[in-house]
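Quick look at upload_37.pdb (PDB, C-alpha atoms):
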ATOM      1  CA  MET I   1       0.000   0.000   0.000
ATOM      2  CA  LEU I   2       1.244   3.486  -0.793
ATOM      3  CA  LYS I   3       2.595   5.567   2.107
ATOM      4  CA  HIS I   4      -0.158   7.978   3.085
ATOM      5  CA  ILE I   5      -2.015   9.953   5.733
ATOM      6  CA  PHE I   6      -5.792   9.753   6.175
ATOM      7  CA  ASN I   7      -7.559  12.426   8.216
ATOM      8  CA  LYS I   8     -11.291  11.876   8.612
ATOM      9  CA  GLY I   9     -13.270  15.064   8.088
ATOM     10  CA  SER I  10     -16.166  16.313  10.190
ATOM     11  CA  ASN I  11     -18.642  16.164   7.284
ATOM     12  CA  SER I  12     -18.915  12.832   5.441
ATOM     13  CA  ASP I  13     -21.073  14.416   2.719
ATOM     14  CA  LYS I  14     -18.073  16.449   1.572
ATOM     15  CA  PRO I  15     -15.654  15.021  -0.978
ATOM     16  CA  THR I  16     -12.496  13.272   0.201
ATOM     17  CA  PHE I  17      -9.468  15.238  -0.972
ATOM     18  CA  LEU I  18      -6.716  13.195  -2.628
ATOM     19  CA  LEU I  19      -3.518  15.206  -2.074
ATOM     20  CA  LEU I  20      -0.629  14.624  -4.487
ATOM     21  CA  HIS I  21       2.629  16.530  -3.910
ATOM     22  CA  GLY I  22       5.243  17.825  -6.356
ATOM     23  CA  THR I  23       8.704  16.316  -6.970
ATOM     24  CA  GLY I  24      10.662  16.111  -3.731
ATOM     25  CA  GLY I  25       7.576  16.663  -1.591
ATOM     26  CA  THR I  26       5.898  14.409   0.963
ATOM     27  CA  GLU I  27       2.396  13.558   2.101
ATOM     28  CA  GLN I  28       2.632  16.485   4.575
ATOM     29  CA  ASP I  29       3.073  19.206   1.930
ATOM     30  CA  LEU I  30      -0.479  19.940   0.826
ATOM     31  CA  LEU I  31      -2.295  19.384   4.138
ATOM     32  CA  PRO I  32      -2.474  23.157   4.882
ATOM     33  CA  LEU I  33      -3.853  23.734   1.376
ATOM     34  CA  ALA I  34      -6.667  21.209   1.929
ATOM     35  CA  GLY I  35      -7.538  22.950   5.197
ATOM     36  CA  MET I  36      -7.782  26.302   3.413
ATOM     37  CA  ILE I  37     -10.082  24.920   0.714
ATOM     38  CA  ASP I  38     -12.448  22.967   2.990
ATOM     39  CA  GLY I  39     -11.678  22.279   6.643
ATOM     40  CA  GLU I  40     -14.598  19.797   6.913
ATOM     41  CA  ALA I  41     -13.490  17.435   4.142
ATOM     42  CA  SER I  42     -11.651  14.149   4.719
ATOM     43  CA  VAL I  43      -8.097  14.059   3.401
ATOM     44  CA  LEU I  44      -6.120  11.200   1.847
ATOM     45  CA  SER I  45      -2.577  12.445   1.256
ATOM     46  CA  VAL I  46      -0.229  10.124  -0.616
ATOM     47  CA  ARG I  47       3.538  10.005  -0.981
ATOM     48  CA  GLY I  48       4.958   9.116  -4.393
ATOM     49  CA  ASN I  49       6.858   5.830  -4.252
ATOM     50  CA  VAL I  50       9.408   6.555  -6.978
ATOM     51  CA  SER I  51      12.709   8.083  -5.902
ATOM     52  CA  GLU I  52      14.617  10.461  -8.171
ATOM     53  CA  ASN I  53      17.966  11.184  -6.486
ATOM     54  CA  GLY I  54      16.217  10.789  -3.135
ATOM     55  CA  MET I  55      13.237  12.973  -4.117
ATOM     56  CA  PRO I  56       9.807  11.298  -3.998
ATOM     57  CA  ARG I  57       7.816  11.334  -7.239
ATOM     58  CA  PHE I  58       4.721   9.517  -8.484
ATOM     59  CA  PHE I  59       6.326   8.092 -11.642
ATOM     60  CA  ARG I  60       9.695   8.046 -13.395
ATOM     61  CA  ARG I  61      10.800  10.499 -16.033
ATOM     62  CA  LEU I  62      13.539  10.146 -18.627
ATOM     63  CA  ALA I  63      14.380  13.871 -18.610
ATOM     64  CA  GLU I  64      12.741  17.183 -17.648
ATOM     65  CA  GLY I  65       9.272  17.040 -19.218
ATOM     66  CA  VAL I  66       9.861  13.577 -20.764
ATOM     67  CA  PHE I  67       7.852  10.930 -18.939
ATOM     68  CA  ASP I  68       8.596   7.215 -18.739
ATOM     69  CA  GLU I  69       5.277   6.261 -20.303
ATOM     70  CA  GLU I  70       5.276   2.605 -19.257
ATOM     71  CA  ASP I  71       6.027   3.546 -15.647
ATOM     72  CA  LEU I  72       3.375   6.281 -15.744
ATOM     73  CA  ILE I  73       0.733   3.754 -16.876
ATOM     74  CA  ASN I  74       1.723   1.259 -14.157
ATOM     75  CA  ARG I  75       1.869   3.859 -11.370
ATOM     76  CA  THR I  76      -1.478   5.324 -12.434
ATOM     77  CA  LYS I  77      -3.057   1.871 -12.218
ATOM     78  CA  GLU I  78      -1.440   1.365  -8.800
ATOM     79  CA  LEU I  79      -2.842   4.680  -7.512
ATOM     80  CA  HIS I  80      -6.296   3.940  -8.971
ATOM     81  CA  GLU I  81      -6.373   0.560  -7.182
ATOM     82  CA  PHE I  82      -5.013   2.123  -3.983
ATOM     83  CA  LEU I  83      -8.024   4.477  -3.942
ATOM     84  CA  ASP I  84     -10.339   1.435  -4.018
ATOM     85  CA  GLU I  85      -8.452  -0.133  -1.092
ATOM     86  CA  ALA I  86      -8.304   3.088   0.928
ATOM     87  CA  ALA I  87     -12.047   3.701   0.484
ATOM     88  CA  ASP I  88     -12.708   0.205   1.886
ATOM     89  CA  GLN I  89     -10.230   0.621   4.732
ATOM     90  CA  TYR I  90     -11.341   4.086   5.865
ATOM     91  CA  GLY I  91     -15.004   3.946   4.888
ATOM     92  CA  PHE I  92     -15.199   6.988   2.637
ATOM     93  CA  ASP I  93     -17.209   7.242  -0.600
ATOM     94  CA  ARG I  94     -15.004   5.975  -3.449
ATOM     95  CA  ASN I  95     -17.162   7.914  -5.911
ATOM     96  CA  ASN I  96     -16.616  11.253  -4.186
ATOM     97  CA  ILE I  97     -12.856  11.863  -4.419
ATOM     98  CA  VAL I  98     -11.527  15.240  -5.567
ATOM     99  CA  ALA I  99      -7.810  15.399  -6.338
ATOM    100  CA  ILE I 100      -5.592  18.340  -5.424
ATOM    101  CA  GLY I 101      -2.261  17.952  -7.184
ATOM    102  CA  TYR I 102       0.775  20.141  -7.711
ATOM    103  CA  SER I 103       3.316  19.653 -10.525
ATOM    104  CA  ASN I 104       4.244  15.924 -10.562
ATOM    105  CA  GLY I 105       1.190  15.256  -8.353
ATOM    106  CA  ALA I 106      -1.041  17.160 -10.781
ATOM    107  CA  ASN I 107       0.398  15.023 -13.596
ATOM    108  CA  ILE I 108      -0.527  11.723 -11.931
ATOM    109  CA  ALA I 109      -4.002  13.110 -11.085
ATOM    110  CA  CYS I 110      -4.356  14.079 -14.732
ATOM    111  CA  SER I 111      -3.232  10.585 -15.722
ATOM    112  CA  LEU I 112      -6.045   9.114 -13.592
ATOM    113  CA  LEU I 113      -8.488  11.263 -15.595
ATOM    114  CA  PHE I 114      -6.892  10.186 -18.892
ATOM    115  CA  HIS I 115      -7.002   6.458 -18.091
ATOM    116  CA  TYR I 116     -10.007   5.787 -15.803
ATOM    117  CA  GLN I 117     -13.515   7.075 -16.311
ATOM    118  CA  ASN I 118     -14.732   7.095 -12.709
ATOM    119  CA  SER I 119     -11.518   7.447 -10.740
ATOM    120  CA  LEU I 120     -12.082  11.081  -9.695
ATOM    121  CA  LYS I 121     -15.204  13.165  -9.073
ATOM    122  CA  GLY I 122     -13.229  16.347  -9.816
ATOM    123  CA  ALA I 123      -9.700  17.760  -9.733
ATOM    124  CA  MET I 124      -7.706  20.873  -8.869
ATOM    125  CA  LEU I 125      -4.562  20.657 -10.978
ATOM    126  CA  HIS I 126      -1.770  23.128 -10.196
ATOM    127  CA  HIS I 127       0.745  23.357 -13.061
ATOM    128  CA  PRO I 128      -0.066  20.027 -14.737
ATOM    129  CA  MET I 129       1.395  18.738 -17.988
ATOM    130  CA  ILE I 130      -0.242  16.439 -20.532
ATOM    131  CA  PRO I 131       0.488  12.925 -19.214
ATOM    132  CA  ARG I 132       0.148  11.144 -22.573
ATOM    133  CA  ARG I 133      -0.596  12.167 -26.131
ATOM    134  CA  GLY I 134      -2.305  10.178 -28.835
ATOM    135  CA  ILE I 135      -4.738   8.222 -26.677
ATOM    136  CA  GLY I 136      -8.512   8.403 -26.512
ATOM    137  CA  LEU I 137      -9.779   9.799 -23.209
ATOM    138  CA  PRO I 138     -12.708   8.281 -21.298
ATOM    139  CA  ASP I 139     -16.018  10.138 -21.099
ATOM    140  CA  LEU I 140     -15.447  12.837 -18.474
ATOM    141  CA  SER I 141     -18.931  14.365 -18.682
ATOM    142  CA  GLY I 142     -19.907  15.928 -15.378
ATOM    143  CA  VAL I 143     -16.320  16.040 -14.035
ATOM    144  CA  PRO I 144     -15.329  19.585 -13.052
ATOM    145  CA  ILE I 145     -11.616  20.399 -13.343
ATOM    146  CA  PHE I 146      -9.653  23.456 -12.245
ATOM    147  CA  ILE I 147      -6.262  24.084 -13.864
ATOM    148  CA  ALA I 148      -3.851  26.690 -12.489
ATOM    149  CA  ALA I 149      -1.158  27.688 -14.970
ATOM    150  CA  GLY I 150       1.694  30.194 -14.955
ATOM    151  CA  SER I 151       2.152  32.349 -18.058
ATOM    152  CA  ASN I 152       5.927  32.290 -17.387
ATOM    153  CA  ASP I 153       6.149  28.644 -16.330
ATOM    154  CA  PRO I 154       9.504  27.299 -17.629
ATOM    155  CA  ILE I 155       8.445  23.654 -17.141
ATOM    156  CA  CYS I 156       4.905  23.738 -18.503
ATOM    157  CA  SER I 157       4.387  26.098 -21.441
ATOM    158  CA  PRO I 158       1.164  28.084 -21.918
ATOM    159  CA  GLU I 159       0.652  26.113 -25.167
ATOM    160  CA  GLU I 160       0.686  22.873 -23.188
ATOM    161  CA  SER I 161      -1.790  24.242 -20.616
ATOM    162  CA  ASN I 162      -4.146  25.315 -23.396
ATOM    163  CA  GLU I 163      -3.793  21.946 -25.154
ATOM    164  CA  LEU I 164      -4.601  20.085 -21.923
ATOM    165  CA  HIS I 165      -7.640  22.328 -21.421
ATOM    166  CA  THR I 166      -8.859  21.407 -24.921
ATOM    167  CA  LEU I 167      -8.230  17.652 -24.492
ATOM    168  CA  LEU I 168     -10.192  17.539 -21.226
ATOM    169  CA  GLU I 169     -13.043  19.675 -22.586
ATOM    170  CA  ASN I 170     -13.275  17.477 -25.678
ATOM    171  CA  ALA I 171     -13.698  14.488 -23.325
ATOM    172  CA  GLY I 172     -16.716  16.246 -21.771
ATOM    173  CA  ALA I 173     -15.154  17.703 -18.610
ATOM    174  CA  GLY I 174     -16.070  21.172 -17.386
ATOM    175  CA  VAL I 175     -12.695  22.946 -17.249
ATOM    176  CA  GLU I 176     -11.747  26.278 -15.713
ATOM    177  CA  LEU I 177      -8.252  27.473 -16.610
ATOM    178  CA  HIS I 178      -6.757  30.140 -14.332
ATOM    179  CA  TRP I 179      -3.628  32.073 -15.315
ATOM    180  CA  ASP I 180      -1.089  33.736 -13.036
ATOM    181  CA  ASN I 181       1.840  35.786 -14.325
ATOM    182  CA  TYR I 182       4.294  33.590 -12.468
ATOM    183  CA  GLY I 183       6.403  30.513 -13.080
ATOM    184  CA  HIS I 184       5.966  26.967 -11.815
ATOM    185  CA  GLN I 185       5.452  27.811  -8.139
ATOM    186  CA  LEU I 186       2.185  27.348  -6.268
ATOM    187  CA  THR I 187       0.858  30.875  -5.582
ATOM    188  CA  ARG I 188      -1.605  32.219  -3.036
ATOM    189  CA  GLY I 189      -3.643  33.730  -5.876
ATOM    190  CA  GLU I 190      -4.215  30.393  -7.594
ATOM    191  CA  VAL I 191      -5.105  28.732  -4.279
ATOM    192  CA  GLU I 192      -7.721  31.443  -3.662
ATOM    193  CA  LYS I 193      -9.111  30.868  -7.167
ATOM    194  CA  SER I 194      -9.198  27.085  -6.657
ATOM    195  CA  THR I 195     -11.067  27.642  -3.370
ATOM    196  CA  GLU I 196     -13.657  29.815  -5.165
ATOM    197  CA  TRP I 197     -13.982  27.144  -7.857
ATOM    198  CA  TYR I 198     -14.435  24.445  -5.194
ATOM    199  CA  GLN I 199     -17.147  26.423  -3.383
ATOM    200  CA  LYS I 200     -18.979  26.902  -6.674
ATOM    201  CA  HIS I 201     -19.002  23.161  -7.415
ATOM    202  CA  TYR I 202     -19.036  21.560  -3.962
ATOM    203  CA  GLY I 203     -20.141  24.266  -1.504
ATOM    204  CA  GLU I 204     -23.371  24.263   0.502
ATOM    205  CA  ASN I 205     -25.335  26.063  -2.207
ATOM    206  CA  SER I 206     -23.911  24.338  -5.256
TER     207      SER I 206
END
Exercise: express the given structure as structure tokens:
Amino acid sequence: MLKHIFNKGSNSDKPTFLLLHGTGGTEQDLLPLAGMIDGEASVLSVRGNVSENGMPRFFRRLAEGVFDEEDLINRTKELHEFLDEAADQYGFDRNNIVAIGYSNGANIACSLLFHYQNSLKGAMLHHPMIPRRGIGLPDLSGVPIFIAAGSNDPICSPEESNELHTLLENAGAGVELHWDNYGHQLTRGEVEKSTEWYQKHYGENS
């Protein structure tokens, strides 16, 4: 089983947040972020089990921006199956998981969306890249997705962010793309926007 933290929320009707850190992060990294977005939601925070020079990641890469596709497919399947196991173990609704991912974590969350129709109820993707090209996506109708992108991001170009937006929309997802004039870092502004997006889709009055 993947190394993880599960914190049961005070409101079981709320989604369970799946937290997925960036390269070199741990399962502790995004806990404050989840608390800012919805302090009542349960949290399942996972540590990537691939090591790149001692830095945890969710899948291997061959170079900056070049993914090991076979490893990506296998690790995505492993994470998808882990969510089934964790839902059984902790008693949360498997069909009500919303991912919050940053960088490498956003990429594996995106890969779940690309490979499995009902793996996620929604996703907040901070600086994601396109996990794979040239494959048909499952029907993502009714899946809301928030993408935060930096117009000066040296790792993920604006063209790539726009292409990902199009791919997900063409699969039926409802996508909101938010731009900041920054690089690859996670900014307060994009977190505030993702919180607004979350309230719109999952808040009391949604």
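The gap separating atom CA of I:Leu167 from atom CA of I:Glu27 is 28.9 Å, in Å to one decimal.
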Take the PyMOL selection byres ((chain I and resi 119-122) around 10), run it mentally on this structure, and tell me the resulting residues as a PyMOL selection string. chain I and resi 15-18+79-81+83-84+94-100+109-110+112-118+123-125+140+142-146+173-175+198+201-202
File dump, residues just selected, C-alpha atoms, as a CSV table (one decimal), keeping the file's coordinate frame:
chain,number,residue,atom,x,y,z
I,15,PRO,CA,-15.7,15.0,-1.0
I,16,THR,CA,-12.5,13.3,0.2
I,17,PHE,CA,-9.5,15.2,-1.0
I,18,LEU,CA,-6.7,13.2,-2.6
I,79,LEU,CA,-2.8,4.7,-7.5
I,80,HIS,CA,-6.3,3.9,-9.0
I,81,GLU,CA,-6.4,0.6,-7.2
I,83,LEU,CA,-8.0,4.5,-3.9
I,84,ASP,CA,-10.3,1.4,-4.0
I,94,ARG,CA,-15.0,6.0,-3.4
I,95,ASN,CA,-17.2,7.9,-5.9
I,96,ASN,CA,-16.6,11.3,-4.2
I,97,ILE,CA,-12.9,11.9,-4.4
I,98,VAL,CA,-11.5,15.2,-5.6
I,99,ALA,CA,-7.8,15.4,-6.3
I,100,ILE,CA,-5.6,18.3,-5.4
I,109,ALA,CA,-4.0,13.1,-11.1
I,110,CYS,CA,-4.4,14.1,-14.7
I,112,LEU,CA,-6.0,9.1,-13.6
I,113,LEU,CA,-8.5,11.3,-15.6
I,114,PHE,CA,-6.9,10.2,-18.9
I,115,HIS,CA,-7.0,6.5,-18.1
I,116,TYR,CA,-10.0,5.8,-15.8
I,117,GLN,CA,-13.5,7.1,-16.3
I,118,ASN,CA,-14.7,7.1,-12.7
I,123,ALA,CA,-9.7,17.8,-9.7
I,124,MET,CA,-7.7,20.9,-8.9
I,125,LEU,CA,-4.6,20.7,-11.0
I,140,LEU,CA,-15.4,12.8,-18.5
I,142,GLY,CA,-19.9,15.9,-15.4
I,143,VAL,CA,-16.3,16.0,-14.0
I,144,PRO,CA,-15.3,19.6,-13.1
I,145,ILE,CA,-11.6,20.4,-13.3
I,146,PHE,CA,-9.7,23.5,-12.2
I,173,ALA,CA,-15.2,17.7,-18.6
I,174,GLY,CA,-16.1,21.2,-17.4
I,175,VAL,CA,-12.7,22.9,-17.2
I,198,TYR,CA,-14.4,24.4,-5.2
I,201,HIS,CA,-19.0,23.2,-7.4
I,202,TYR,CA,-19.0,21.6,-4.0
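With distances taken over only C-alpha atoms, I:Glu85 is the one residue among I:Glu169, I:Glu192, I:Glu85, I:Glu176 lying closest to I:Met1.
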Quick check on the file I pasted: which residues fall under the PyMOL selection byres ((chain I and resi 67) around 12)? Write them as a ChimeraX atom specification. /I:57-66,68-73,75,104,107-108,111,129-133
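A distance cut-off of 6 Å around (3.7, 17.7, -6.0), counting all atoms listed in the file, selects these protein and nucleic acid residues: Leu20, His21, Gly22, Thr23, Gly25, Tyr102, Ser103, Asn104 and Gly105 of chain I.
Between atom CA of I:Ser10 and atom CA of I:Ala41 there is a distance of 6.7 Å.
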Selected residue of minimal separation from I:Glu190 among I:Lys14, I:His165, I:Asn49, I:His127, counting only C-alpha atoms: I:His127
Please list as a ChimeraX atom specification every residue within 10 Å of I:Ser12, counting only C-alpha atoms and excluding residues in the same chain fewer than 6 positions away. /I:40-42,91-93
Could you please fill out stretch 88-115 of chain I with N, CA and C atoms and send it back as a PDB file, keeping the file's coordinate frame?
ATOM      1  N   ASP I  88     -12.254   1.338   1.072  1.00  0.00           N
ATOM      2  CA  ASP I  88     -12.708   0.205   1.886  1.00  0.00           C
ATOM      3  C   ASP I  88     -12.161   0.310   3.311  1.00  0.00           C
ATOM      4  N   GLN I  89     -10.877   0.597   3.415  1.00  0.00           N
ATOM      5  CA  GLN I  89     -10.230   0.621   4.732  1.00  0.00           C
ATOM      6  C   GLN I  89     -10.769   1.731   5.632  1.00  0.00           C
ATOM      7  N   TYR I  90     -10.979   2.918   5.042  1.00  0.00           N
ATOM      8  CA  TYR I  90     -11.341   4.086   5.865  1.00  0.00           C
ATOM      9  C   TYR I  90     -12.829   4.436   5.799  1.00  0.00           C
ATOM     10  N   GLY I  91     -13.555   3.758   4.920  1.00  0.00           N
ATOM     11  CA  GLY I  91     -15.004   3.946   4.888  1.00  0.00           C
ATOM     12  C   GLY I  91     -15.474   5.252   4.285  1.00  0.00           C
ATOM     13  N   PHE I  92     -14.704   5.784   3.329  1.00  0.00           N
ATOM     14  CA  PHE I  92     -15.199   6.988   2.637  1.00  0.00           C
ATOM     15  C   PHE I  92     -15.770   6.600   1.273  1.00  0.00           C
ATOM     16  N   ASP I  93     -16.522   7.510   0.669  1.00  0.00           N
ATOM     17  CA  ASP I  93     -17.209   7.242  -0.600  1.00  0.00           C
ATOM     18  C   ASP I  93     -16.200   7.257  -1.751  1.00  0.00           C
ATOM     19  N   ARG I  94     -15.975   6.088  -2.349  1.00  0.00           N
ATOM     20  CA  ARG I  94     -15.004   5.975  -3.449  1.00  0.00           C
ATOM     21  C   ARG I  94     -15.396   6.853  -4.629  1.00  0.00           C
ATOM     22  N   ASN I  95     -16.690   7.140  -4.761  1.00  0.00           N
ATOM     23  CA  ASN I  95     -17.162   7.914  -5.911  1.00  0.00           C
ATOM     24  C   ASN I  95     -17.193   9.418  -5.638  1.00  0.00           C
ATOM     25  N   ASN I  96     -16.593   9.822  -4.518  1.00  0.00           N
ATOM     26  CA  ASN I  96     -16.616  11.253  -4.186  1.00  0.00           C
ATOM     27  C   ASN I  96     -15.210  11.725  -3.775  1.00  0.00           C
ATOM     28  N   ILE I  97     -14.240  11.447  -4.659  1.00  0.00           N
ATOM     29  CA  ILE I  97     -12.856  11.863  -4.419  1.00  0.00           C
ATOM     30  C   ILE I  97     -12.510  13.015  -5.359  1.00  0.00           C
ATOM     31  N   VAL I  98     -11.996  14.094  -4.781  1.00  0.00           N
ATOM     32  CA  VAL I  98     -11.527  15.240  -5.567  1.00  0.00           C
ATOM     33  C   VAL I  98     -10.024  15.375  -5.348  1.00  0.00           C
ATOM     34  N   ALA I  99      -9.272  15.319  -6.438  1.00  0.00           N
ATOM     35  CA  ALA I  99      -7.810  15.399  -6.338  1.00  0.00           C
ATOM     36  C   ALA I  99      -7.353  16.848  -6.250  1.00  0.00           C
ATOM     37  N   ILE I 100      -6.316  17.070  -5.432  1.00  0.00           N
ATOM     38  CA  ILE I 100      -5.592  18.340  -5.424  1.00  0.00           C
ATOM     39  C   ILE I 100      -4.132  17.981  -5.674  1.00  0.00           C
ATOM     40  N   GLY I 101      -3.622  18.333  -6.842  1.00  0.00           N
ATOM     41  CA  GLY I 101      -2.261  17.952  -7.184  1.00  0.00           C
ATOM     42  C   GLY I 101      -1.437  19.144  -7.616  1.00  0.00           C
ATOM     43  N   TYR I 102      -0.146  19.093  -7.286  1.00  0.00           N
ATOM     44  CA  TYR I 102       0.775  20.141  -7.711  1.00  0.00           C
ATOM     45  C   TYR I 102       1.916  19.516  -8.512  1.00  0.00           C
ATOM     46  N   SER I 103       2.188  20.050  -9.698  1.00  0.00           N
ATOM     47  CA  SER I 103       3.316  19.653 -10.525  1.00  0.00           C
ATOM     48  C   SER I 103       3.282  18.143 -10.797  1.00  0.00           C
ATOM     49  N   ASN I 104       4.248  17.368 -10.316  1.00  0.00           N
ATOM     50  CA  ASN I 104       4.244  15.924 -10.562  1.00  0.00           C
ATOM     51  C   ASN I 104       2.968  15.274 -10.031  1.00  0.00           C
ATOM     52  N   GLY I 105       2.445  15.764  -8.907  1.00  0.00           N
ATOM     53  CA  GLY I 105       1.190  15.256  -8.353  1.00  0.00           C
ATOM     54  C   GLY I 105      -0.001  15.591  -9.238  1.00  0.00           C
ATOM     55  N   ALA I 106       0.029  16.784  -9.842  1.00  0.00           N
ATOM     56  CA  ALA I 106      -1.041  17.160 -10.781  1.00  0.00           C
ATOM     57  C   ALA I 106      -0.975  16.267 -12.020  1.00  0.00           C
ATOM     58  N   ASN I 107       0.246  15.876 -12.409  1.00  0.00           N
ATOM     59  CA  ASN I 107       0.398  15.023 -13.596  1.00  0.00           C
ATOM     60  C   ASN I 107      -0.184  13.631 -13.371  1.00  0.00           C
ATOM     61  N   ILE I 108       0.033  13.067 -12.183  1.00  0.00           N
ATOM     62  CA  ILE I 108      -0.527  11.723 -11.931  1.00  0.00           C
ATOM     63  C   ILE I 108      -2.049  11.812 -11.759  1.00  0.00           C
ATOM     64  N   ALA I 109      -2.545  12.911 -11.188  1.00  0.00           N
ATOM     65  CA  ALA I 109      -4.002  13.110 -11.085  1.00  0.00           C
ATOM     66  C   ALA I 109      -4.603  13.201 -12.487  1.00  0.00           C
ATOM     67  N   CYS I 110      -3.908  13.933 -13.348  1.00  0.00           N
ATOM     68  CA  CYS I 110      -4.356  14.079 -14.732  1.00  0.00           C
ATOM     69  C   CYS I 110      -4.331  12.725 -15.444  1.00  0.00           C
ATOM     70  N   SER I 111      -3.337  11.915 -15.127  1.00  0.00           N
ATOM     71  CA  SER I 111      -3.232  10.585 -15.722  1.00  0.00           C
ATOM     72  C   SER I 111      -4.404   9.695 -15.283  1.00  0.00           C
ATOM     73  N   LEU I 112      -4.841   9.839 -14.031  1.00  0.00           N
ATOM     74  CA  LEU I 112      -6.045   9.114 -13.592  1.00  0.00           C
ATOM     75  C   LEU I 112      -7.237   9.493 -14.472  1.00  0.00           C
ATOM     76  N   LEU I 113      -7.377  10.794 -14.758  1.00  0.00           N
ATOM     77  CA  LEU I 113      -8.488  11.263 -15.595  1.00  0.00           C
ATOM     78  C   LEU I 113      -8.360  10.722 -17.021  1.00  0.00           C
ATOM     79  N   PHE I 114      -7.133  10.644 -17.515  1.00  0.00           N
ATOM     80  CA  PHE I 114      -6.892  10.186 -18.892  1.00  0.00           C
ATOM     81  C   PHE I 114      -7.149   8.686 -19.049  1.00  0.00           C
ATOM     82  N   HIS I 115      -6.966   7.917 -17.967  1.00  0.00           N
ATOM     83  CA  HIS I 115      -7.002   6.458 -18.091  1.00  0.00           C
ATOM     84  C   HIS I 115      -8.239   5.787 -17.481  1.00  0.00           C
TER      85      HIS I 115
END
